[in-house]
Every structure is written in structure tokens, then in C-alpha cells.
Amino acid sequence: MKKFLSANEAVAHAAAQAGCVVASAYPGTPSTEILENIAKFKDTIRCEWAVNEKVAVETAVGASMAGARAITAMKHVGLNVAMDPLMTFTYVGPLGGFVLVSADDPGMHSSQNEQDNRNLAKFARALLLEPADSQEAYDMTIKAFELSEKFQVPVILRLTTRTSHSASLVELGDFKPAPHPLIPYKKNIAKNIPVPMFARQHRLDAQKRTEAMEKEANKSKFNRIIKPAKGVKVSAKAKGLGIVTSAVAYQYVREIFPDCQILKLGWTNPLPKALVSKFAKSVKKLLVVEELDPFLEAQIKAMGIKVLAHKTELNMHELNADRIQNLRHELLGDVPKAKSPNSNTPNSKTQTLPTRPPVLCAGCGHRGVFYVLHKLGATVTGDIGCYTLGAFPPLDAMDSTICMGASIGNAAGMRKAGLKGRICAVLGDSTFFHSGITGILSALYNGTPVTTVVLDNRITAMTGHQDNPGTGKTLAGDSAPVTEIGDIAKACGYKNVVKVSADDLGGLEKTLSTAMDSGEPWLVIAYAPCRIAAKLTKEGLCEVDPEKCKACGACFKMGCPAMTRGKEIRPGAFQMVIDANQCAGCKQCGQVCKFGAIKRVR
Ligand SMILES: Cc1ncc(C[n+]2csc(CCOP(=O)(O)OP(=O)(O)O)c2C)c(N)n1
Ligand code: SF4
Ligand code: SF4
Ligand code: SF4
């Protein structure tokens with residue numbers, strides 16, 4: 001059976017085919033659809049959204065320790081959150097096959113950094129597989145469960161945005177999803193409790209295991225030498241050039257260097273050194289082409305093998321065929337320079353195209369909070385979610401964004417450092433559950449007077465509206481207990497816990513100014529459901545009365561995309577007109593207009 005699948009979908013199919021029993025993940029682009037697609041196999045796989053990546057990994061670890069095949073998935077930065085259990089689980093080792101999918105984001109299409117998680121796989125002494133397309137994602141995931149059980153090692157499958165989200169034909173073979181039989185569980189404290197006397201032995205075992213894995217990597221079908229196809233004319237300048245490559249970089253190399261020998265690596269940690277040496281000896285010159293860090297190149301050079309140097313920058317941002325063509329132009333000079341390097345690097349010529357900056361949706365409840373924080377002149381430590389868009393003009397109300405959950409610690413640190421004035425931490429409900437609770441607890445415990453605003457829209461909006469402990473629903477659509485953020489804050493010991501409608505600008509201004517000026521810790525819940533998730537995009541409609549609009553421009557400071565410029569009634573002064581197709585009728589703009597020009601008409 002053949003299906004047209006993205007690599008994310010292929011991983012889900014493979015997990016089902018391999019008999020995976022438990023899947024736990026936390027959403028994050030580009031990995032989110034992996035669990036969403038695994039959920040389609042809920043008859044055979046128990047799957048759930050965890051509150052963060054650490055818990056997701058710990059759940060999969062528990063399932064593996066109980067003898068079941070388990071999978072977990074996350075975006076690259078999610079692995080930072082999950083490194084603690086992973087680093088020790090590589091010592092303890094799985095019982096049931098354990099696969100962790102790390103979806104990296106070269107070029108930062110939707111991330112705050114582009115870390116190359118191959119480094120983390122090596123650091124953790126995990127086995128690393130790097131598919132170059134959906135078929136490989138499928139084949140490697142199935143094999144990953146086997147390898148994990150054979151070597152008792154966590155296997156990391158590293159996807160990137162390009163592979164995660166592009167679709168190609170996948171041969172699924174005899175596709176019959178069924179749970180793999182459990183490996184019988186036996187209590188074994190020497191294995192599962194790495195106190196120092198056991199952990200020292202685990203460390204030695206990990207070394208031996210790495211050597212055994214390397215032996216097998218040298219023979220693996222995922223690592224293979226590819227000769228130029230029959231009939232391909234070998235350019236005189238390309239003769240004797242061999243290229244080592246992996247993952248999606250292989251696709252660009254195959255396109256631009258069809259006349260060269262290629263060592264395509266799919267199993268990259270531990271590195272199949274014998275195979276690399278053999279390949280290096282068979283060619284006159286060796287080039288390494290890989291996306292992001294010189295992960296393979298540094299190890300190959302450390303083996304004493306000479307690698308061709310070049311000036312073309314490859315170790316930053318996403319690769320593409322044009323960048324590899326420029327590399328060939330530099331090294332061989334037998335192709336022209338790419339005319340328009342279709343890349344997303346900051347200096348790319350494509351940047352001359354007009355950009356359309358991302359904005360909060362019309363009627364989004366986050367808008368009013370940022371409008372008010374700007375008005376109150378607060379220093380705002382932000383977090384990651386749709387609300388990060390509050391940083392941009394005209395709202396211009398965020399000073400920092402580091403990583404999920406960082407807002408509260410950042411605000412506390414600023415306060416401790418003696419920064420004067422109003423300071424406020426802002427984060428979403430999903431982020432609060434992910435890693436905000438520890439932040440408020442710490443601020444309270446240490447008596448730091450931080451005001452924290454939780455933008456409670458009852459959904460994980462930014463990654464595509466996933467459920468979380470506040471929504472009352474699980475991934476499978478079953479009902480779940482609703483966790484109230486205010487109850488958590490009160491249980492932590494907060495005296496000042498207030499819930500305000502995020503659409504009520506007056507109420508927000510009063511509450512936030514009182515909170516920030518009080519010298520005490522406050523938790524303010526700004527509540528308004530995400531209009532897209534709750535399908536409230538046509539809840540109502542507001543209109544501007546042209547007789548009353550004085551073109552003062554105040555409402556434009558809200559940056560709602562439903563607002564457009566109307567008639568110019570004085571030079572440079574435009575009336576506001578509401579686009580009826582976009583307006584959600586939230587009435588926020590009406591609260592800003594001093595002339596009563598904006599009315600809700602429906
Ligand atoms: C460690 C980590 N995991 C996952 C993500 C992906 N991600 C970005 S924002 C976000 C959550 C957004 O939900 P919420 O805080 O409720 O804000 P909303 O988008 O709903 O406004 C997630 C999961 C990330 N950036 N970092
Ligand atoms: S998706 Fe929801 S939370 Fe995100 S900007 Fe739109 S309305 Fe706001
Ligand atoms: S705030 Fe009122 S008067 Fe000013 S531009 Fe907007 S609608 Fe017109
Ligand atoms: S009421 Fe105003 S702020 Fe709300 S969606 Fe309509 S135009 Fe935008």
C-alpha cells in the first residue's frame with residue numbers, strides 16, 4: 001500500500017505499524033502533527049498531550065520500563081526541557097523500544113533559535129537516525145523501535161521542518177497496526193535506580209554499547225554509498241570528489257552534484273567511522289554537506305581525514321538547492337552562481353518582497369492586555385505563544401521573550417536587580433501549565449513582588465489549538481477535569497488573585513495598575529476565549545459612525561487587522577473604517593474612542 005504522507009504522518013503510521021503502545025508529547029512546530037496523527041490510531045496506541053516535554057518523556061520512559069514500545073515527540077527546544085530524564089535514561093536503558101522524535105527548525109520558521117539537536121543526541125549517548133524524506137521517516141521509525149530494544153538505548157529520530165512538513169509517497173508494506181507484545185516487567189533496581197554504585201557501571205555499559213552500535217552502523221542500510229546514476233555525465237572537475245551528507249541536505253546534494261559519489265548517512269550517532277574511512281579512501285577529495293552545525297564534519301576531521309574547505313556559508317539557516325549550487329560554483333566553477341538564492345537568510349534577495357508582518361487576529365483577547373500595559377508604561381517580560389505578537393508596533397508592549405515559562409523568573413530577576421517602575425510578567429494558559437507554576441511559586445516563596453498576567457484563552461493557540469489541562473478535554477476528545485489557574489495560585493499561597501475579562505480595558509487598567517503599584521505578588525487572570533478556537537469570529541460586528549469619527553487615530557494604536565483607513569479629513573488624518581468581513585465584534589476599539597464613534601451593530 002502506498003500513501004502520500006508528510007514525514008510527521010509517516011512517523012505516526014510507523015509507530016502504529018511497529019506496535020507502539022504509548023505516545024506522549026507536547027505540541028511545538030514542526031512536530032505537532034506527529035501526535036495528532038498517532039491519535040488516529042487510538043485503538044492500538046494510548047496517546048496524550050503531556051503538560052510539557054519533560055513529562056512527555058517521563059511518561060514514555062515509564063511505558064518503556066514497563067515493557068511497552070513508546071514514542072514521544074517535541075520541537076527542538078522541547079528537548080532542552082526534557083534533557084534531564086533523557087540523560088539518565090540513556091544510562092538506565094529502555095526495556096520496550098523507546099523513540100524520541102526531535103523536530104528541528106533550521107531557518108527558524110517558527111522558533112526562537114535553530115539549535116542542532118544532533119549535538120544533544122551525541123551528548124546523551126543516544127542512537128541517532130536522520131531521515132531525508134517521508135519513506136525514510138517511516139522505515140527508520142519502525143527500525144528505531146527494534147534498535148532501541150536490541151541495544152537498550154533511546155533512539156532519537158531527528159526531523160527538520162522541511163522533512164516534517166513536506167509530503168512524498170510512502171510504501172507502507174503490509175500495514176497492520178497492532179500493539180507489540182509487552183516485554184515482561186521484572187523489578188530490577190540495579191538497572192532502574194542509578195544511584196552512584198549502579199550508575200558507574202551504567203557509564204561503562206554505555207561505552208561498550210556505543211562501540212557495538214558503531215559496528216552495526218557501519219553495516220546499516222541507512223548508511224550507503226551512492227554512485228552517479230547510469231548515463232549521468234561526470235564533469236571533469238567533479239571527478240574524484242566524494243560528498244558525505246545526511247538528512248534533507250542529501251536531496252540538495254543529489255540535485256546539484258549528480259555526478260559525484262555520495263556517502264548518504266542516515267544513522268549518524270554513533271558515526272560509522274569505518275564506513276566513512278573507506279569512503280574517504282575511495283575518493284580524491286572529500287566534502288561534507290550538512291544542515292546547521294558541522295556535526296559530521298568535526299568528527300570526520302577528528303579522525304584525521306582531510307575535508308575540503310570552502311567560503312560558502314552552510315552552517316547557518318536552512319539549506320536549499322541554490323545555496324548548494326553556490327557551493328559547487330565556488331568549488332568546481334562549472335555551474336553559474338544561483339541567480340536568486342531562494343533562501344530565508346537575512347541577506348537574501350527575496351527579502352525585497354513586501355513583508356506582511358504577523359498580527360493577533362481581529363478580536364483577539366490578548367490585544368487589550370497589551371494595549372493597557374503599553375498605556376501603563378510597564379516593563380513586560382513576555383513568554384512564548386500567540387501573545388508574543390504583543391511585542392510589535394503599534395502595541396509595542398513586550399521587553400523580552402526567552403523560552404517557555406521564563407517570563408516570571410525574568411520579571412523576578414529584574415525586580416531583584418533593582419529595576420524601577422512597573423514590571424509585569426505575561427504568559428498564556430498552556431505556558432502556565434508547562435512551566436509557569438514553578439515560576440510563581442518561586443517568586444512568592446522569595447517574597448518578590450511580581451505581577452503575573454495569565455492570558456487565559458483556554459487553548460494552546462499558537463501551535464494550532466491543542467487541548468490542555470484548562471480545557472476540560474483530552475487529545476482523544478474525552479472529558480477531563482478542568483484545572484483553574486486561580487485555584488493553583490491560591491494553593492501556592494497567593495493572596496491577590498483576580499480574574500478580569502480580557503475585553504474589558506477599563507477593568508484591566510484598574511487591576512493592573514493596582515497590582516503593579518502594590519509592592520506585592522499578584523496573579524491576574526485575563527480571560528477571553530481564543531476567538532478562532534471557540535469559533536467566535538463572527539460573534540458580532542462593530543461599525544464606525546463617520547459623523548462622529550474625528551480621525552484622532554487613537555483606535556489604530558490597537559493594531560486590529562479589521563481596522564482600515566477611511567477618508568482623509570485633515571492632511572494625514574484618516575477616519576477609521578471597520579472591515580465587516582474581519583471584525584469579530586469584541587468592542588475593544590469602542591472603549592478607546594473618546595468620541596463614541598464606534599458602535600456594536602450586531
Ligand atoms: C519548550 C517549547 N515547547 C513548545 C514550544 C511551542 N510553543 C510555542 S507557544 C506554545 C504554547 C502557546 O500556548 P499558550 O501559552 O496558551 O498561548 P496562546 O498561543 O494560546 O496565546 C507552544 C507549545 C516552544 N516554543 N517551546
Ligand atoms: S489564534 Fe486565538 S489566541 Fe491566537 S491570535 Fe488568534 S484569536 Fe488570538
Ligand atoms: S478613536 Fe474614534 S474618533 Fe478616533 S479615529 Fe478611531 S473611531 Fe475615529
Ligand atoms: S470590534 Fe474593533 S477591535 Fe474588535 S475586532 Fe472589531 S474592529 Fe477589531
# chains A, B, ... in the order shown; residues from 1 in each chain; ligands from 1
call {"tool": "residues_near_ligand", "arguments": {"ligand": "ligand 3", "cutoff": "8 Å", "atoms": "only C-alpha atoms and all ligand atoms", "output": "JSON, numbers by chain"}}
result
{"A": [544, 545, 546, 548, 549, 550, 551, 552, 553, 554, 555, 556, 574, 575, 576, 577, 589, 590, 592, 593, 594, 595, 596, 597, 598]}
call {"tool": "residues_around", "arguments": {"residues": "region 408-418 of chain A", "least_positions_apart": "6", "cutoff": "12 Å", "atoms": "only C-alpha atoms", "output": "count of residues only"}}
result
44
call {"tool": "residues_near_ligand", "arguments": {"ligand": "ligand 2", "cutoff": "10 Å", "atoms": "only C-alpha atoms and all ligand atoms", "output": "mmCIF file with C-alpha atoms, in the first residue's frame"}}
result
data_model
loop_
_atom_site.group_PDB
_atom_site.id
_atom_site.type_symbol
_atom_site.label_atom_id
_atom_site.label_comp_id
_atom_site.auth_asym_id
_atom_site.auth_seq_id
_atom_site.Cartn_x
_atom_site.Cartn_y
_atom_site.Cartn_z
ATOM 1 C CA PRO A 358 2.098 38.544 11.657
ATOM 2 C CA VAL A 359 -0.625 40.123 13.813
ATOM 3 C CA LEU A 360 -3.032 38.987 16.506
ATOM 4 C CA CYS A 361 -6.372 38.024 14.966
ATOM 5 C CA ALA A 362 -9.207 40.543 14.885
ATOM 6 C CA GLY A 363 -10.928 40.384 18.248
ATOM 7 C CA CYS A 364 -8.110 38.509 19.994
ATOM 8 C CA GLY A 365 -8.356 38.964 23.752
ATOM 9 C CA HIS A 366 -4.593 39.376 24.093
ATOM 10 C CA ARG A 367 -4.754 42.739 22.292
ATOM 11 C CA GLY A 385 2.570 31.975 22.437
ATOM 12 C CA CYS A 386 0.314 33.988 20.117
ATOM 13 C CA TYR A 387 0.769 36.814 22.604
ATOM 14 C CA THR A 388 4.448 37.236 21.681
ATOM 15 C CA LEU A 389 2.971 39.378 18.879
ATOM 16 C CA GLY A 390 2.218 41.982 21.555
ATOM 17 C CA GLY A 428 -0.541 32.064 28.282
ATOM 18 C CA LEU A 455 -3.701 35.303 29.267
ATOM 19 C CA ASP A 456 -6.264 32.586 29.715
ATOM 20 C CA ASN A 457 -7.796 31.815 26.322
ATOM 21 C CA ARG A 458 -8.418 28.155 27.285
ATOM 22 C CA ILE A 459 -6.380 26.647 24.478
ATOM 23 C CA THR A 460 -2.822 26.186 23.237
ATOM 24 C CA ALA A 461 -3.465 28.533 20.344
ATOM 25 C CA MET A 462 -0.127 29.205 18.735
ATOM 26 C CA THR A 463 0.601 25.622 17.771
ATOM 27 C CA GLY A 464 -2.840 25.014 16.315
ATOM 28 C CA HIS A 465 -5.309 24.870 19.213
ATOM 29 C CA ALA A 528 -11.210 35.643 26.916
ATOM 30 C CA PRO A 529 -11.534 32.502 24.839
ATOM 31 C CA CYS A 530 -9.398 32.338 21.696
ATOM 32 C CA ARG A 531 -11.849 33.501 19.063
ATOM 33 C CA ILE A 532 -10.563 31.097 16.437
ATOM 34 C CA ALA A 533 -10.727 28.027 18.676
ATOM 35 C CA ALA A 534 -14.107 28.989 20.108
ATOM 36 C CA LYS A 535 -15.379 29.920 16.614
ATOM 37 C CA LEU A 536 -16.319 33.402 17.816
ATOM 38 C CA THR A 537 -15.004 35.192 14.755
ATOM 39 C CA ALA A 584 -15.333 39.918 15.443
#
call {"tool": "residues_near_ligand", "arguments": {"ligand": "ligand 4", "cutoff": "6 Å", "atoms": "only C-alpha atoms and all ligand atoms", "output": "list in words"}}
result
Ala362, Gly363, Cys542, Cys560, Ala562, Met563, Ile578, Cys583, Ala584, Gly585, Cys586, Lys587, Gln588 and Cys589 of chain A
call {"tool": "select_by_dssp", "arguments": {"residues": "region 262-318 of chain A", "states": "alpha helix (DSSP H)", "output": "VMD selection string"}}
result
chain A and resid 273 to 282 295 to 302
call {"tool": "write_last_selection", "arguments": {"atoms": "C-alpha atoms", "output": "CSV table (one decimal), in the first residue's frame"}}
result
chain,number,residue,atom,x,y,z
A,273,LYS,CA,33.7,5.6,11.3
A,274,ALA,CA,34.9,2.5,9.3
A,275,LEU,CA,32.5,3.3,6.5
A,276,VAL,CA,33.5,7.0,6.4
A,277,SER,CA,37.2,6.0,6.3
A,278,LYS,CA,36.5,3.5,3.5
A,279,PHE,CA,34.6,6.1,1.5
A,280,ALA,CA,37.3,8.8,2.1
A,281,LYS,CA,40.0,6.5,0.8
A,282,SER,CA,37.9,5.7,-2.3
A,295,PHE,CA,28.4,17.8,13.4
A,296,LEU,CA,29.7,15.2,10.9
A,297,GLU,CA,32.5,17.4,9.6
A,298,ALA,CA,34.0,18.0,13.0
A,299,GLN,CA,34.0,14.2,13.8
A,300,ILE,CA,35.4,13.3,10.4
A,301,LYS,CA,38.2,15.9,10.7
A,302,ALA,CA,38.9,14.5,14.2
call {"tool": "residues_around", "arguments": {"residues": "Tyr250 (chain A)", "least_positions_apart": "2", "cutoff": "10 Å", "atoms": "only C-alpha atoms", "output": "short mmCIF file (atom, residue, chain, number, x, y, z; two decimals) with C-alpha atoms, in the first residue's frame"}}
result
data_model
loop_
_atom_site.label_atom_id
_atom_site.label_comp_id
_atom_site.auth_asym_id
_atom_site.auth_seq_id
_atom_site.Cartn_x
_atom_site.Cartn_y
_atom_site.Cartn_z
CA PRO A 131 15.59 10.62 7.60
CA ALA A 132 15.85 12.51 4.32
CA ASP A 133 12.20 12.03 3.26
CA ILE A 243 30.44 14.01 -0.59
CA VAL A 244 29.34 12.95 2.86
CA THR A 245 25.86 14.18 3.67
CA SER A 246 22.77 13.42 5.76
CA ALA A 247 19.07 14.23 6.14
CA VAL A 248 17.49 16.73 3.77
CA TYR A 252 20.10 19.13 -2.46
CA VAL A 253 23.43 17.35 -2.94
CA ARG A 254 21.82 14.74 -5.20
CA GLU A 255 20.30 17.54 -7.31
CA ILE A 256 23.38 19.74 -7.61
CA PHE A 257 26.15 17.11 -7.56
CA ILE A 262 27.81 10.35 -2.18
CA LEU A 263 28.04 8.75 1.24
CA LYS A 264 24.50 9.23 2.48
CA LEU A 265 24.34 8.83 6.24
CA GLY A 266 21.04 8.13 7.97
CA VAL A 289 27.44 18.96 3.29
CA GLU A 290 25.08 19.10 6.25
CA GLU A 291 22.41 21.41 7.60
#
call {"tool": "closest_residue", "arguments": {"among": "A:Glu509, A:Asp467, A:Asp579, A:Asp43", "to": "ligand 1", "atoms": "only C-alpha atoms and all ligand atoms"}}
result
A:Asp467
call {"tool": "decode", "arguments": {"residues": "region 484-499 of chain A", "atoms": "N, CA, C and O atoms", "output": "CSV table (one decimal), in the first residue's frame"}}
result
chain,number,residue,atom,x,y,z
A,484,GLU,N,-8.3,25.1,37.2
A,484,GLU,CA,-8.4,26.5,37.3
A,484,GLU,C,-7.1,27.1,37.7
A,484,GLU,O,-6.5,26.8,38.8
A,485,ILE,N,-6.6,28.1,36.9
A,485,ILE,CA,-5.3,28.7,37.2
A,485,ILE,C,-5.4,29.5,38.6
A,485,ILE,O,-4.4,29.4,39.3
A,486,GLY,N,-6.5,30.1,38.8
A,486,GLY,CA,-6.7,30.8,40.1
A,486,GLY,C,-6.5,29.9,41.3
A,486,GLY,O,-5.9,30.3,42.3
A,487,ASP,N,-7.1,28.7,41.1
A,487,ASP,CA,-7.0,27.8,42.3
A,487,ASP,C,-5.6,27.3,42.5
A,487,ASP,O,-5.2,27.2,43.7
A,488,ILE,N,-4.8,27.2,41.5
A,488,ILE,CA,-3.4,26.8,41.6
A,488,ILE,C,-2.7,27.9,42.4
A,488,ILE,O,-1.9,27.7,43.3
A,489,ALA,N,-2.9,29.2,41.9
A,489,ALA,CA,-2.2,30.3,42.5
A,489,ALA,C,-2.6,30.4,44.0
A,489,ALA,O,-1.7,30.7,44.9
A,490,LYS,N,-3.9,30.2,44.3
A,490,LYS,CA,-4.3,30.3,45.7
A,490,LYS,C,-3.6,29.2,46.5
A,490,LYS,O,-3.2,29.4,47.6
A,491,ALA,N,-3.6,28.0,45.9
A,491,ALA,CA,-3.0,26.9,46.6
A,491,ALA,C,-1.5,27.1,46.9
A,491,ALA,O,-0.9,26.7,47.8
A,492,CYS,N,-0.9,27.9,46.0
A,492,CYS,CA,0.5,28.2,46.1
A,492,CYS,C,0.7,29.2,47.3
A,492,CYS,O,1.8,29.4,47.8
A,493,GLY,N,-0.4,29.9,47.6
A,493,GLY,CA,-0.3,30.9,48.7
A,493,GLY,C,-0.5,32.3,48.3
A,493,GLY,O,-0.3,33.3,49.1
A,494,TYR,N,-0.9,32.6,47.0
A,494,TYR,CA,-1.1,34.0,46.6
A,494,TYR,C,-2.4,34.5,47.3
A,494,TYR,O,-3.4,33.9,47.3
A,495,LYS,N,-2.2,35.7,47.8
A,495,LYS,CA,-3.4,36.4,48.4
A,495,LYS,C,-4.2,37.2,47.3
A,495,LYS,O,-5.4,37.3,47.4
A,496,ASN,N,-3.4,37.7,46.4
A,496,ASN,CA,-4.0,38.6,45.4
A,496,ASN,C,-4.2,37.8,44.0
A,496,ASN,O,-3.3,37.7,43.2
A,497,VAL,N,-5.4,37.2,43.9
A,497,VAL,CA,-5.7,36.5,42.7
A,497,VAL,C,-7.0,37.1,42.1
A,497,VAL,O,-8.0,37.1,42.8
A,498,VAL,N,-6.9,37.7,40.9
A,498,VAL,CA,-8.0,38.4,40.3
A,498,VAL,C,-8.3,37.9,38.9
A,498,VAL,O,-7.3,37.7,38.1
A,499,LYS,N,-9.5,37.7,38.6
A,499,LYS,CA,-9.9,37.4,37.2
A,499,LYS,C,-10.6,38.5,36.5
A,499,LYS,O,-11.6,39.1,37.1
